[in-house]
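Here the structure comes first, spelled out in structure tokens, and everything after it is commentary.
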Amino acid sequence: MTTDGSTPTTDPDVDLPDMPDPQVREFTAHSIGGGLALLLGLTGLLVAVVLFAAGSVNPGFAVGGAVVLVAALISLRGLNTVAPGEARVVQLFGRYRGTIRQDGLRWVNPFTSRTKISTRVRNHETAVLKVNDAYGNPIELASVVVWKVKDTAQASFEVDNYIEFVATQTEAAVRHIAIEYPYDAHEEDGLSLRGNAEEITEKLAVELHARVAAAGVHIIESRFTHLAYAPEIASAMLQRQQAGAVVAARRLIVDGAVGMVEAALARIAEQDIVELDSERKAAMVSNLLVVLCGDRAVQPVMNTGSLYQ
């Protein structure tokens, strides 16, 4: 997953879940600057106090003061303070009436309800999960996901709790990716969790994006933070890895030794140093291979006779 915030491209090799289409989309709520509304509300409160004071002379002023007080309080109830990185989801009698993203003091219909939603970038780190990989080996893995709310309407109305939804879907995606690929691939061109971290991470990002898009959440980046064999098989798998490394090293040594023997025989024949029959060549090849491929220092043997004695 790239860190530039771009949407991951669809990977045909990833089995994406079929999530429902969203029923509501975010749009901007109608709001005005709250400075004038605050001034009018405070003025109304002051007028109400004056009218209540004059009510001792004329009871009609007290009634007017009560009306002005109620109107001022209702007007002040429409004020909202929106901080950077926050939004307000506006509802009127259960209907979605838009989202306020502009920061500062804003005023909306005082009869609406406003729900605060954070639009800041967040981290979610999964616990260490124990699953079986594609070969059935138990492994442990954990991941961290960087995400943010992109559509506040979907986050509010499409799921019950978008934070828990992201946590659950992240764990499901990590488990699904883990069982699709082995920890170490037996084939040279096969994908593995350990050997192809970038490719597997990209597939994880694609699946995560598909899982949480219905909740209006955008995945910025996802990475594995822990990847290892389970403790009960870790020692056996370590021996297998060591054996594989030894075999690979031996194969490289043998290939190099055969090349050196071929070069030596060709050089001897080219310069006509000594004439070697097939038996002497076989003995020479055997001795050179022992010297070049052995993992211990060889002990020289002085032959005072001939090869045939």
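Residues in the structure tokens are named by chain (A, B, ... in the order shown) and by number from 1 within that chain; ligands are numbered from 1 in the order shown.
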
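Close contacts of Val47 of chain A, defined as residues with an atom at most 12 Å away when counting only C-alpha atoms, with chain neighbours fewer than 6 positions off set aside, comprise Leu40, Gly41, Ala53, Ala54, Phe61, Ala62, Gly64, Gly65, Ala66, Val67, Val68, Leu69, Val70, Ala71 and Ala72 of chain A.
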
Can you check which parts of segment 143-222 of chain A lie within 10 Å of segment 117-122 of chain A? Per residue, the shortest pair of atoms and distance in Å to one decimal, counting only C-alpha atoms, sorted by chain and number, as JSON lines.
```
{"residue": "A:Val145", "atom": "CA", "partner": "A:Arg122", "partner_atom": "CA", "distance": 8.2}
{"residue": "A:Val146", "atom": "CA", "partner": "A:Arg122", "partner_atom": "CA", "distance": 5.7}
{"residue": "A:Trp147", "atom": "CA", "partner": "A:Arg122", "partner_atom": "CA", "distance": 5.4}
{"residue": "A:Lys148", "atom": "CA", "partner": "A:Val121", "partner_atom": "CA", "distance": 4.8}
{"residue": "A:Val149", "atom": "CA", "partner": "A:Thr119", "partner_atom": "CA", "distance": 5.2}
{"residue": "A:Lys150", "atom": "CA", "partner": "A:Thr119", "partner_atom": "CA", "distance": 7.2}
{"residue": "A:Asp151", "atom": "CA", "partner": "A:Thr119", "partner_atom": "CA", "distance": 9.0}
{"residue": "A:Thr152", "atom": "CA", "partner": "A:Ile117", "partner_atom": "CA", "distance": 7.1}
{"residue": "A:Ala153", "atom": "CA", "partner": "A:Ile117", "partner_atom": "CA", "distance": 9.8}
{"residue": "A:Ala155", "atom": "CA", "partner": "A:Ile117", "partner_atom": "CA", "distance": 8.7}
{"residue": "A:Ser156", "atom": "CA", "partner": "A:Ile117", "partner_atom": "CA", "distance": 8.4}
{"residue": "A:Ile163", "atom": "CA", "partner": "A:Arg122", "partner_atom": "CA", "distance": 10.0}
{"residue": "A:Val217", "atom": "CA", "partner": "A:Thr119", "partner_atom": "CA", "distance": 9.7}
{"residue": "A:His218", "atom": "CA", "partner": "A:Val121", "partner_atom": "CA", "distance": 9.7}
{"residue": "A:Ile219", "atom": "CA", "partner": "A:Val121", "partner_atom": "CA", "distance": 9.7}
{"residue": "A:Ile220", "atom": "CA", "partner": "A:Val121", "partner_atom": "CA", "distance": 8.6}
```

Selection file, C-alpha atoms, as a PDB file, in the first residue's frame:
```pdb
ATOM      1  CA  VAL A 145      -3.185  -0.225   9.821  1.00  0.00           C
ATOM      2  CA  VAL A 146      -3.162   3.544   9.272  1.00  0.00           C
ATOM      3  CA  TRP A 147      -6.648   4.810   8.444  1.00  0.00           C
ATOM      4  CA  LYS A 148      -9.008   7.776   8.581  1.00  0.00           C
ATOM      5  CA  VAL A 149     -12.707   8.504   8.151  1.00  0.00           C
ATOM      6  CA  LYS A 150     -13.347   9.678   4.597  1.00  0.00           C
ATOM      7  CA  ASP A 151     -17.166   9.712   4.518  1.00  0.00           C
ATOM      8  CA  THR A 152     -18.715  10.717   7.849  1.00  0.00           C
ATOM      9  CA  ALA A 153     -22.238   9.792   6.742  1.00  0.00           C
ATOM     10  CA  ALA A 155     -19.268   5.947   9.190  1.00  0.00           C
ATOM     11  CA  SER A 156     -22.307   7.101  11.177  1.00  0.00           C
ATOM     12  CA  ILE A 163     -13.945   1.906  15.087  1.00  0.00           C
ATOM     13  CA  VAL A 217     -13.062   4.507   5.965  1.00  0.00           C
ATOM     14  CA  HIS A 218      -9.947   5.028   3.858  1.00  0.00           C
ATOM     15  CA  ILE A 219      -6.894   2.807   4.413  1.00  0.00           C
ATOM     16  CA  ILE A 220      -3.698   4.846   4.109  1.00  0.00           C
TER      17      ILE A 220
END
```

task = Any chance you could list, as a VMD selection string, the residues in segment 69-257 of chain A that come up strand (DSSP E) when DSSP is run on the backbone?
result = chain A and resid 79 to 82 86 to 92 95 to 100 104 to 107 113 to 118 122 to 125 129 to 132 138 to 149 217 to 229

task = Mind the document's chain letters and residue numbers, and return as a VMD selection string the residues of segment 131-244 of chain A that DSSP labels alpha helix (DSSP H).
result = chain A and resid 152 to 157 162 to 180 197 to 212 231 to 244

ask   = Which residue out of A:Asn137, A:Thr126, A:Thr170, A:Thr99 has the minimum interatomic distance to Thr225 of chain A when only C-alpha atoms are used?
value = A:Thr126

message = Neighbouring residues of Thr115 of chain A were defined as those with any atom within 7 Å, considering only C-alpha atoms; residues of the same chain fewer than 4 positions away were excluded. Please report them as a PyMOL selection string.
response = chain A and resi 88-90

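Residue nearest Ile139 of chain A within the list A:Arg250, A:Arg101, A:Arg194, A:His124: A:Arg194 [criterion: smallest interatomic distance, only C-alpha atoms].
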
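Remark: for Leu141 of chain A, the closest of the candidate residues A:Ala185, A:Ile177, A:Ala210, A:Val63 is A:Ile177 (distances computed over only C-alpha atoms).
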
request  = Mind checking which residues fall within 10 Å of Leu208 of chain A, counting only C-alpha atoms, ignoring those fewer than 6 positions away in the same chain, and posting them as a VMD selection string?
outcome  = chain A and resid 8 16 to 17 145 166 169 to 174 202 217 to 219 221 to 222
